[in-house]
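Peer 1: Data: final_17.cif, mmCIF, C-alpha atoms.
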data_upload
loop_
_atom_site.label_atom_id
_atom_site.label_comp_id
_atom_site.auth_asym_id
_atom_site.auth_seq_id
_atom_site.Cartn_x
_atom_site.Cartn_y
_atom_site.Cartn_z
CA MET X 271 0.00 0.00 0.00
CA SER X 272 1.44 3.39 -0.92
CA ASP X 273 1.70 6.25 1.55
CA GLU X 274 -0.95 8.23 -0.32
CA GLU X 275 -3.48 5.42 0.11
CA ILE X 276 -3.11 5.26 3.85
CA GLN X 277 -5.46 7.50 5.77
CA THR X 278 -5.19 8.04 9.49
CA LEU X 279 -7.90 6.65 11.68
CA ASN X 280 -6.94 8.77 14.67
CA ARG X 281 -6.93 12.15 13.00
CA PRO X 282 -8.59 15.10 14.81
CA GLN X 283 -12.36 15.19 14.90
CA ALA X 284 -12.58 17.97 12.34
CA ALA X 285 -10.71 15.86 9.83
CA ARG X 286 -12.56 12.64 10.62
CA THR X 287 -15.84 14.11 9.43
CA ALA X 288 -14.36 14.37 5.93
CA LEU X 289 -13.12 10.81 5.71
CA PRO X 290 -13.88 9.05 2.44
CA GLN X 291 -15.22 5.54 2.14
CA PRO X 292 -13.14 2.70 3.63
CA LEU X 293 -9.86 2.15 1.87
CA PRO X 294 -9.35 -0.85 -0.38
CA ALA X 295 -7.37 -3.80 0.86
CA PRO X 296 -3.63 -3.73 0.38
CA ALA X 297 -2.29 -4.97 -2.95
CA THR X 298 -0.31 -7.59 -1.08
CA PRO X 299 -0.91 -8.74 2.50
CA GLN X 300 1.77 -7.82 4.98
CA PRO X 301 3.79 -10.79 6.28
CA ALA X 302 2.75 -11.97 9.73
CA TRP X 303 6.21 -11.33 11.16
CA LEU X 304 6.29 -7.66 10.16
CA GLY X 305 4.22 -6.29 13.06
CA PRO X 306 6.31 -7.83 15.87
CA VAL X 307 9.56 -6.97 14.09
CA LEU X 308 8.39 -3.38 13.68
CA LEU X 309 7.71 -3.17 17.41
CA VAL X 310 11.22 -4.45 18.19
CA GLY X 311 12.77 -2.18 15.59
CA ILE X 312 10.99 0.93 16.86
CA VAL X 313 11.98 0.23 20.47
CA LEU X 314 15.63 -0.48 19.59
CA ALA X 315 15.84 2.61 17.41
CA ALA X 316 14.40 4.79 20.17
CA LEU X 317 16.80 3.32 22.73
CA ASN X 318 19.68 4.54 20.54
CA LEU X 319 18.53 8.14 20.09
CA ARG X 320 20.32 9.61 23.13
CA PRO X 321 23.08 7.32 24.56
CA ALA X 322 25.61 8.81 22.12
CA ILE X 323 25.03 12.16 23.83
CA THR X 324 24.50 11.26 27.47
CA SER X 325 27.30 8.67 27.58
CA LEU X 326 29.71 11.34 26.32
CA GLY X 327 28.39 13.76 28.93
CA ALA X 328 29.19 11.25 31.67
CA LEU X 329 32.80 10.89 30.43
CA PHE X 330 33.29 14.33 28.93
CA GLU X 331 36.09 15.46 31.23
CA GLU X 332 38.06 12.26 30.59
CA THR X 333 37.43 12.48 26.84
CA ARG X 334 38.43 16.13 26.70
CA THR X 335 41.66 15.42 28.57
CA GLY X 336 42.44 12.30 26.55
CA LEU X 337 42.11 14.10 23.21
CA GLY X 338 43.66 17.36 24.38
CA MET X 339 40.62 19.42 23.47
CA SER X 340 40.72 23.16 23.94
CA GLY X 341 37.88 24.87 25.76
CA THR X 342 36.56 26.22 22.45
CA VAL X 343 36.45 22.77 20.84
CA ALA X 344 34.83 21.29 23.95
CA GLY X 345 32.16 23.97 23.79
CA LEU X 346 31.61 23.23 20.11
CA ILE X 347 31.04 19.54 20.82
CA THR X 348 28.37 20.35 23.41
CA SER X 349 26.54 22.47 20.81
CA VAL X 350 26.85 19.96 17.96
CA PRO X 351 23.83 17.71 18.81
CA ALA X 352 21.15 20.36 18.39
CA LEU X 353 22.89 21.75 15.29
CA CYS X 354 23.13 18.31 13.65
CA PHE X 355 19.53 17.51 14.52
CA ALA X 356 18.46 20.71 12.76
CA VAL X 357 20.72 20.43 9.70
CA PHE X 358 20.38 16.73 8.95
CA GLY X 359 16.72 16.56 9.94
CA VAL X 360 15.88 18.83 7.00
CA THR X 361 17.09 16.14 4.58
CA ALA X 362 14.73 13.48 5.94
CA PRO X 363 11.71 14.28 3.71
CA ARG X 364 13.76 14.18 0.49
CA LEU X 365 15.48 10.93 1.50
CA SER X 366 12.18 9.42 2.58
CA ARG X 367 10.59 10.21 -0.79
CA ARG X 368 13.54 8.74 -2.64
CA PHE X 369 14.16 5.57 -0.65
CA GLY X 370 11.21 5.15 1.72
CA PRO X 371 11.12 5.92 5.47
CA ALA X 372 12.03 2.37 6.56
CA ALA X 373 15.16 2.31 4.42
CA VAL X 374 16.24 5.72 5.70
CA VAL X 375 15.75 4.69 9.33
CA CYS X 376 17.80 1.57 8.60
CA ALA X 377 20.57 3.72 7.13
CA GLY X 378 20.26 6.07 10.10
CA MET X 379 20.79 3.25 12.57
CA ALA X 380 23.78 2.05 10.52
CA ALA X 381 25.24 5.58 10.70
CA VAL X 382 24.72 5.65 14.48
CA ALA X 383 26.48 2.31 14.86
CA ALA X 384 29.35 3.29 12.54
CA GLY X 385 29.95 6.59 14.31
CA LEU X 386 29.92 4.98 17.74
CA LEU X 387 32.33 2.27 16.56
CA ILE X 388 34.75 4.82 15.05
CA ARG X 389 34.58 7.54 17.71
CA PRO X 390 36.49 5.77 20.54
CA PHE X 391 39.45 5.16 18.23
CA ALA X 392 39.87 8.81 17.22
CA HIS X 393 43.30 10.24 18.06
CA ASN X 394 42.39 13.92 17.81
CA ALA X 395 39.45 16.24 18.33
CA ALA X 396 38.74 16.58 14.59
CA GLY X 397 38.33 12.84 14.09
CA PHE X 398 36.21 12.57 17.22
CA LEU X 399 33.99 15.41 16.04
CA ALA X 400 33.58 13.86 12.57
CA ALA X 401 32.57 10.47 14.00
CA SER X 402 30.17 12.18 16.40
CA ALA X 403 28.62 14.10 13.49
CA LEU X 404 28.05 10.80 11.61
CA THR X 405 26.27 9.35 14.62
CA LEU X 406 24.21 12.50 15.15
CA ALA X 407 23.22 12.57 11.47
CA GLY X 408 21.76 9.08 11.85
CA ILE X 409 19.96 10.12 15.02
CA ALA X 410 18.55 13.21 13.29
CA LEU X 411 17.06 11.17 10.44
CA THR X 412 15.56 8.65 12.86
CA ASN X 413 14.21 11.45 15.06
CA VAL X 414 12.22 12.82 12.15
CA LEU X 415 11.07 9.55 10.60
CA LEU X 416 9.96 7.49 13.62
CA PRO X 417 6.66 9.46 13.80
CA VAL X 418 6.25 8.72 10.08
CA ILE X 419 6.86 5.00 10.63
CA VAL X 420 4.22 5.01 13.36
CA LYS X 421 1.72 6.86 11.15
CA ARG X 422 2.50 4.57 8.22
CA TRP X 423 2.12 1.17 9.91
CA PHE X 424 0.08 1.97 13.06
CA PRO X 425 -2.38 4.72 11.96
CA ASP X 426 -4.98 3.70 14.54
CA ARG X 427 -2.49 3.51 17.43
CA VAL X 428 -0.46 6.70 17.10
CA GLY X 429 -0.73 7.57 20.80
CA THR X 430 0.17 4.10 22.04
CA MET X 431 3.09 3.59 19.67
CA THR X 432 4.42 7.11 20.23
CA GLY X 433 4.26 6.43 23.96
CA LEU X 434 6.17 3.18 23.47
CA TYR X 435 9.09 4.71 21.62
CA SER X 436 9.09 7.85 23.79
CA MET X 437 9.39 5.60 26.83
CA ALA X 438 12.24 3.69 25.16
CA LEU X 439 13.97 6.97 24.30
CA ALA X 440 13.72 8.16 27.91
CA ALA X 441 14.97 4.79 29.13
CA GLY X 442 17.98 4.94 26.81
CA THR X 443 18.76 8.47 27.96
CA SER X 444 18.62 7.56 31.63
CA LEU X 445 20.45 4.26 31.21
CA ALA X 446 23.40 5.84 29.41
CA ALA X 447 23.65 8.65 31.94
CA ALA X 448 23.52 6.35 34.94
CA ALA X 449 25.42 3.27 33.72
CA THR X 450 28.28 4.65 31.61
CA VAL X 451 30.63 5.54 34.47
CA PRO X 452 30.11 2.35 36.53
CA MET X 453 30.45 0.16 33.44
CA THR X 454 33.57 2.04 32.35
CA GLN X 455 35.15 1.46 35.75
CA ALA X 456 34.21 -2.21 35.66
CA LEU X 457 35.81 -2.59 32.22
CA GLY X 458 39.14 -1.07 33.16
CA GLY X 459 38.48 2.65 33.44
CA SER X 460 39.24 3.75 29.86
CA TRP X 461 36.89 6.38 28.47
CA ARG X 462 37.35 4.80 25.04
CA THR X 463 35.92 1.50 26.28
CA GLY X 464 33.10 3.33 28.05
CA LEU X 465 32.02 5.02 24.82
CA LEU X 466 32.56 1.96 22.63
CA MET X 467 30.17 -0.29 24.52
CA TRP X 468 27.15 1.73 23.35
CA ALA X 469 27.99 0.87 19.73
CA PHE X 470 26.82 -2.70 20.29
CA LEU X 471 23.30 -1.52 21.17
CA ALA X 472 23.24 0.43 17.91
CA VAL X 473 24.44 -2.58 15.90
CA ALA X 474 21.59 -4.62 17.38
CA ALA X 475 19.12 -1.98 16.17
CA VAL X 476 20.27 -2.31 12.56
CA VAL X 477 19.22 -5.98 12.30
CA PRO X 478 15.41 -5.63 12.46
CA TRP X 479 15.47 -2.56 10.21
CA LEU X 480 17.20 -4.53 7.47
CA ALA X 481 14.22 -6.89 7.42
CA ILE X 482 11.68 -4.04 7.69
CA ALA X 483 13.28 -2.09 4.83
CA ALA X 484 13.31 -5.22 2.64
CA ALA X 485 9.61 -5.85 3.33
CA ALA X 486 8.74 -2.22 2.58
CA ARG X 487 10.65 -2.38 -0.69
CA LYS X 488 8.78 -5.52 -1.78
CA GLU X 489 5.44 -3.96 -0.81
CA LYS X 490 6.24 -0.84 -2.82
CA ALA X 491 7.24 -2.91 -5.86
CA ALA X 492 4.05 -4.98 -5.64
CA ALA X 493 1.90 -1.87 -5.33
CA ALA X 494 3.62 -0.30 -8.34
CA ALA X 495 3.14 -3.48 -10.41
CA GLY X 496 -0.55 -3.63 -9.56
CA SER X 497 -1.24 0.03 -10.25
CA LYS X 498 -3.39 0.64 -13.33
CA GLY X 499 -3.16 4.40 -13.38
CA PRO X 500 -0.37 6.93 -13.32
CA ALA X 501 1.79 6.72 -10.26
CA LEU X 502 1.00 9.19 -7.55
CA ARG X 503 3.78 11.48 -6.52
CA ALA X 504 5.30 10.44 -3.20
CA ASP X 505 6.08 14.04 -2.31
CA THR X 506 2.51 15.30 -2.38
CA GLY X 507 1.79 17.09 0.83
CA PRO X 508 1.10 20.47 2.35
CA ARG X 509 3.47 23.41 2.32
CA VAL X 510 3.99 23.44 6.06
CA VAL X 511 5.45 26.95 6.18
CA ARG X 512 1.95 28.23 5.35
CA SER X 513 0.44 26.55 8.42
CA ARG X 514 0.12 28.39 11.72
CA THR X 515 -0.20 25.07 13.51
CA ALA X 516 3.12 23.93 12.01
CA TRP X 517 4.84 27.08 13.26
CA ALA X 518 3.24 26.67 16.69
CA LEU X 519 4.49 23.08 16.85
CA ALA X 520 7.99 24.11 15.74
CA CYS X 521 8.26 26.87 18.32
CA TYR X 522 6.77 24.68 21.04
CA PHE X 523 9.27 21.97 20.15
CA GLY X 524 12.09 24.52 20.30
CA LEU X 525 11.13 25.85 23.73
CA GLN X 526 10.67 22.40 25.27
CA ALA X 527 14.04 21.33 23.82
CA THR X 528 15.59 24.48 25.27
CA GLY X 529 14.28 23.57 28.71
CA ALA X 530 15.46 19.97 28.38
CA TYR X 531 19.00 20.92 27.33
CA ILE X 532 19.23 23.54 30.08
CA THR X 533 18.12 20.97 32.62
CA MET X 534 20.60 18.34 31.43
CA GLY X 535 23.44 20.85 31.24
CA TRP X 536 22.97 23.03 34.30
CA LEU X 537 20.73 21.36 36.89
CA PRO X 538 23.59 19.58 38.73
CA GLN X 539 25.51 22.85 38.94
CA ILE X 540 22.48 24.62 40.42
CA PHE X 541 22.33 22.04 43.20
CA ARG X 542 26.09 22.04 43.77
CA ASP X 543 26.10 25.82 44.13
CA ALA X 544 23.34 25.42 46.72
CA GLY X 545 25.55 23.12 48.80
CA VAL X 546 24.44 19.72 47.51
CA SER X 547 27.23 17.19 47.00
CA ALA X 548 28.34 16.28 43.48
CA GLY X 549 27.14 12.69 43.86
CA THR X 550 23.71 13.73 45.08
CA ALA X 551 23.43 16.35 42.34
CA GLY X 552 24.02 13.64 39.73
CA ILE X 553 21.38 11.43 41.30
CA LEU X 554 18.92 14.32 41.29
CA LEU X 555 19.49 14.81 37.56
CA ALA X 556 19.00 11.08 36.97
CA VAL X 557 15.68 11.23 38.84
CA THR X 558 14.54 14.05 36.56
CA MET X 559 15.29 11.95 33.49
CA VAL X 560 13.86 8.72 34.90
CA MET X 561 10.54 10.48 35.43
CA GLY X 562 10.20 10.52 31.66
CA VAL X 563 10.16 6.72 31.36
CA PRO X 564 6.63 5.98 32.66
CA LEU X 565 5.16 9.37 31.73
CA ALA X 566 6.46 9.11 28.18
CA PHE X 567 4.16 6.12 27.75
CA VAL X 568 1.14 7.57 29.55
CA ILE X 569 1.06 11.09 28.07
CA PRO X 570 0.97 10.13 24.35
CA ARG X 571 -1.80 7.60 24.98
CA LEU X 572 -3.81 10.25 26.81
CA ALA X 573 -3.10 12.85 24.13
CA GLY X 574 -4.13 10.45 21.37
CA ARG X 575 -7.58 10.11 22.93
CA MET X 576 -8.18 13.86 23.20
CA ARG X 577 -9.40 16.17 20.46
CA ASN X 578 -7.42 19.08 21.94
CA GLN X 579 -4.05 18.47 23.60
CA GLY X 580 -3.64 22.07 24.79
CA PRO X 581 -4.68 21.34 28.40
CA ILE X 582 -1.87 18.79 28.72
CA ALA X 583 0.63 21.42 27.54
CA VAL X 584 -0.71 23.82 30.18
CA VAL X 585 -0.39 21.28 33.00
CA LEU X 586 3.16 20.35 32.01
CA GLY X 587 4.14 24.02 31.84
CA LEU X 588 2.68 24.72 35.29
CA PHE X 589 4.70 21.83 36.74
CA GLY X 590 7.82 23.41 35.26
CA LEU X 591 6.98 26.83 36.69
CA ALA X 592 6.53 25.30 40.13
CA GLY X 593 9.88 23.50 39.82
CA TYR X 594 11.79 26.62 38.80
CA LEU X 595 10.16 28.67 41.56
CA GLY X 596 11.23 26.02 44.05
CA LEU X 597 14.81 26.16 42.75
CA TYR X 598 14.72 29.95 43.06
CA PHE X 599 13.56 30.09 46.68
CA ALA X 600 14.82 26.84 48.27
CA PRO X 601 17.04 24.83 45.89
CA ALA X 602 18.57 22.50 48.48
CA ALA X 603 15.73 22.20 51.00
CA GLY X 604 13.17 20.94 48.46
CA ALA X 605 15.55 19.44 45.91
CA TRP X 606 13.73 16.12 45.53
CA ALA X 607 10.38 17.83 45.00
CA TRP X 608 11.80 20.22 42.39
CA VAL X 609 13.38 17.46 40.29
CA LEU X 610 10.10 15.54 40.29
CA LEU X 611 8.24 18.63 39.08
CA LEU X 612 10.82 19.33 36.38
CA GLY X 613 10.80 15.68 35.35
CA VAL X 614 7.07 15.92 34.67
CA SER X 615 7.51 19.22 32.81
CA ASN X 616 10.18 17.75 30.53
CA CYS X 617 7.60 15.26 29.24
CA ALA X 618 6.57 17.97 26.79
CA PHE X 619 8.78 16.06 24.34
CA PRO X 620 6.54 12.97 23.98
CA LEU X 621 3.55 15.31 23.89
CA VAL X 622 4.86 17.33 20.94
CA ILE X 623 5.93 14.17 19.09
CA THR X 624 2.38 12.85 19.50
CA MET X 625 0.89 16.13 18.28
CA ILE X 626 3.06 15.94 15.14
CA GLY X 627 1.36 12.65 14.31
CA LEU X 628 -2.09 14.07 15.02
CA ARG X 629 -1.79 17.39 13.19
CA ALA X 630 -1.33 15.82 9.74
CA LYS X 631 -3.64 13.47 7.85
CA THR X 632 -1.20 11.40 5.82
CA PRO X 633 2.33 10.01 6.12
CA ALA X 634 3.42 12.55 3.48
CA GLY X 635 2.12 15.33 5.71
CA VAL X 636 3.67 13.83 8.83
CA VAL X 637 7.14 13.58 7.31
CA LYS X 638 7.06 17.23 6.23
CA LEU X 639 5.65 18.41 9.54
CA SER X 640 8.07 16.29 11.57
CA ALA X 641 11.10 17.55 9.64
CA PHE X 642 9.95 21.17 9.83
CA ALA X 643 8.98 21.13 13.51
CA GLN X 644 12.10 19.28 14.69
CA SER X 645 14.65 21.08 12.51
CA THR X 646 13.24 24.52 13.28
CA GLY X 647 12.78 23.59 16.92
CA TYR X 648 16.34 22.40 17.40
CA LEU X 649 17.65 25.60 15.79
CA ILE X 650 15.57 27.58 18.29
CA SER X 651 17.01 25.55 21.17
CA ILE X 652 20.70 26.15 20.37
CA PRO X 653 21.14 29.56 22.10
CA GLY X 654 19.31 28.58 25.33
CA PRO X 655 22.02 26.72 27.28
CA LEU X 656 24.67 29.20 26.07
CA LEU X 657 22.57 32.15 27.22
CA ILE X 658 21.94 30.59 30.62
CA GLY X 659 25.68 30.03 31.02
CA ALA X 660 26.43 33.65 30.09
CA LEU X 661 23.86 34.97 32.56
CA TYR X 662 25.22 32.71 35.28
CA GLN X 663 28.75 33.93 34.68
CA HIS X 664 27.70 37.57 34.44
CA SER X 665 25.44 37.65 37.51
CA GLY X 666 27.45 35.24 39.66
CA GLY X 667 24.35 33.34 40.75
CA TRP X 668 21.22 31.57 39.62
CA ASP X 669 18.48 34.13 40.31
CA LEU X 670 18.56 35.71 36.85
CA PRO X 671 18.99 32.44 34.89
CA LEU X 672 16.16 30.77 36.82
CA ALA X 673 13.90 33.75 36.18
CA LEU X 674 14.60 33.43 32.46
CA MET X 675 14.01 29.66 32.53
CA ALA X 676 10.65 30.18 34.22
CA GLY X 677 9.78 33.02 31.85
CA LEU X 678 10.32 30.83 28.79
CA LEU X 679 7.58 28.52 30.01
CA VAL X 680 4.96 31.25 29.51
CA PRO X 681 5.27 31.35 25.69
CA GLN X 682 5.73 27.57 25.71
CA ILE X 683 2.32 27.16 27.35
CA ALA X 684 0.72 29.59 24.88
CA LEU X 685 2.26 27.78 21.92
CA GLY X 686 1.14 24.44 23.32
CA LEU X 687 -2.44 25.72 23.37
CA LEU X 688 -2.15 26.77 19.72
CA ALA X 689 -0.47 23.55 18.61
CA GLY X 690 -2.97 21.40 20.47
CA ARG X 691 -6.04 22.74 18.67
CA ASP X 692 -8.19 20.24 16.78
CA ARG X 693 -7.04 20.91 13.21
CA THR X 694 -4.61 19.62 10.62
CA ILE X 695 -1.99 21.31 8.48
CA GLU X 696 -3.72 20.04 5.32
CA ASP X 697 -6.90 21.89 6.32
CA GLU X 698 -4.98 25.07 7.01
CA CYS X 699 -3.17 24.82 3.65
CA GLY X 700 -6.42 24.24 1.75
CA MET X 701 -5.66 20.66 0.72
CA ARG X 702 -8.36 18.03 0.27
CA ASP X 703 -8.12 14.43 1.43
#
Turn the structure described in the file into structure tokens.
Peer 2:
Amino acid sequence: MSDEEIQTLNRPQAARTALPQPLPAPATPQPAWLGPVLLVGIVLAALNLRPAITSLGALFEETRTGLGMSGTVAGLITSVPALCFAVFGVTAPRLSRRFGPAAVVCAGMAAVAAGLLIRPFAHNAAGFLAASALTLAGIALTNVLLPVIVKRWFPDRVGTMTGLYSMALAAGTSLAAAATVPMTQALGGSWRTGLLMWAFLAVAAVVPWLAIAAAARKEKAAAAAGSKGPALRADTGPRVVRSRTAWALACYFGLQATGAYITMGWLPQIFRDAGVSAGTAGILLAVTMVMGVPLAFVIPRLAGRMRNQGPIAVVLGLFGLAGYLGLYFAPAAGAWAWVLLLGVSNCAFPLVITMIGLRAKTPAGVVKLSAFAQSTGYLISIPGPLLIGALYQHSGGWDLPLALMAGLLVPQIALGLLAGRDRTIEDECGMRD
């Protein structure tokens, strides 16, 4: 079945009223093994979307010393993830049209594995940066196309499947942050070994995607052979830059990513400056990230059942405001409460990924919206952690940075209300089903 033939069963109510008659049966039945293998492939891919970043963060000082990085180069490496996500994510729609989303995700996982295998053997900062960029390029493509995969093969379970891979992503993030240092010490203490071990998880993710890509290619060939009319263009879809909902999603994505990167980069320092020990500060950060594991499964399922997801965005934003206010007035005394609140607030990521799947009617629309929202959003997020660091250095404390962090949640809530409205980008761009 081609992407244009697949209509979403979980689209917003306004779009559901315009649904045509039931779609014809697929030209060729899908093999029985494809569904379970897709589930495994999606989970493994999601598990690999953050360990390359958080494992490096855990061993960054050792890596910087081992490669003789200057402070400028070290700062560049910390800014590379968001930049790569923005730059390479833009290429996902074109690659998806040319090769199909499953094949591109397969190639993305192969790039992640290759970069992680090469990176520990780099002898200078330039080689390390190049291998990291290869890995991040693969992550960027997979970031954009996993919502498309879900829409393509699970159109009636967008919320559930988005929750599943969001939970796996959060689990991978937390696991790499918490386990890298202990596993490195157990394996001899070399930072190279500590980074290399995450390559094996990426290699495992390539295996199911090889089978999925092969099945998708056969299905596409069978559909083309059975087509009696002119082939439909695979790149048909809305011009997302004309959609206010697309811009609201992009800006909401950017602000939630800004908050997440600020939290990952600066939260331990906030606690350490308040008198909390380094070990406890690291545990507090881990608690914030672990909160995303169960909530990343619950929130998308809840959002998928609602016509308007704006109220969820409001609640998450209010949790964040409460957490930042707590850090402002009593950072050490209520530390455990504040990290729980911020952990809930950071679950805006699975919410916005779910909304991307709900705000477009077709896989063609989802791939364009996902690429636009994520690439634009990651570009928006780049200055945030740098600005917070500059304010911290300039003011000598956390009052001004925390005020800014709390202030950013106000437009984030407003944008979440706009992005959560019951409409699709195709409707806004004047496209028919």
Peer 1: Given the choices X:Ala481, X:Val622, X:Ala401, X:Ala660, which gets closest to Pro306 (chain X) if the distance is worked out from all atoms listed in the file?
Peer 2: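 Of X:Ala481, X:Val622, X:Ala401, X:Ala660, the one nearest Pro306 (chain X) is X:Ala481, counting all atoms listed in the file.
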Peer 1: The PyMOL selection byres ((chain X and resi 649) around 9) - which residues does that actually catch in the file I just gave you? List them as a ChimeraX atom specification.
Peer 2: /X:352-353,355-357,524,644-648,650-653
Peer 1: Of the residues X:Gly535, X:Ala410, X:Ala438, X:Val350, which is the one nearest to Gly327 (chain X), using all atoms listed in the file?
Peer 2: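 The shortest atom-to-atom distance to Gly327 (chain X) comes from X:Gly535.
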Peer 1: Determine the residue membership of the PyMOL selection byres ((chain X and resi 365-376) around 7) for the file above and supply it as a list in words.
Peer 2: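 This file, filtered by the PyMOL selection byres ((chain X and resi 365-376) around 7), leaves Thr361, Ala362, Pro363, Arg364, Ala377, Gly378, Met379, Ala380, Leu411, Thr412, Leu415, Ile419, Val476, Trp479, Leu480, Ile482, Ala483, Ala486, Ala504 and Asp505 of chain X.
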Peer 1: Decode the PyMOL selection byres ((chain X and resi 626) around 8) for the given file into explicit residues and return them as a list of chain:residue names.
Peer 2: X:Pro417, X:Leu519, X:Val622, X:Ile623, X:Thr624, X:Met625, X:Gly627, X:Leu628, X:Arg629, X:Ala630, X:Val636, X:Leu639, X:Ser640
Peer 1: Show me, as a list in words, the residues that have an atom within 10 Å of Gly593 (chain X) when counting all atoms listed in the file, minus same-chain residues fewer than 5 positions from it.
Peer 2: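 In the requested format, the answer is Gly587, Leu588, Tyr598, Pro601, Gly604, Ala605, Ala607, Trp608, Val609, Leu610, Leu611, Leu612, Gly613, Val614, Ser615 and Ala676 of chain X.
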Peer 1: Can you pull out the residues contacting Val343 (chain X)? Cut-off 10 Å, using all atoms listed in the file, and skip same-chain residues under 6 positions away; I want them as a VMD selection string.
Peer 2: chain X and resid 334 349 395 to 396 399
Peer 1: Could you check how far CA of Asn616 (chain X) sits from CA of Thr443 (chain X), in Å to one decimal?
Peer 2: 12.9 Å
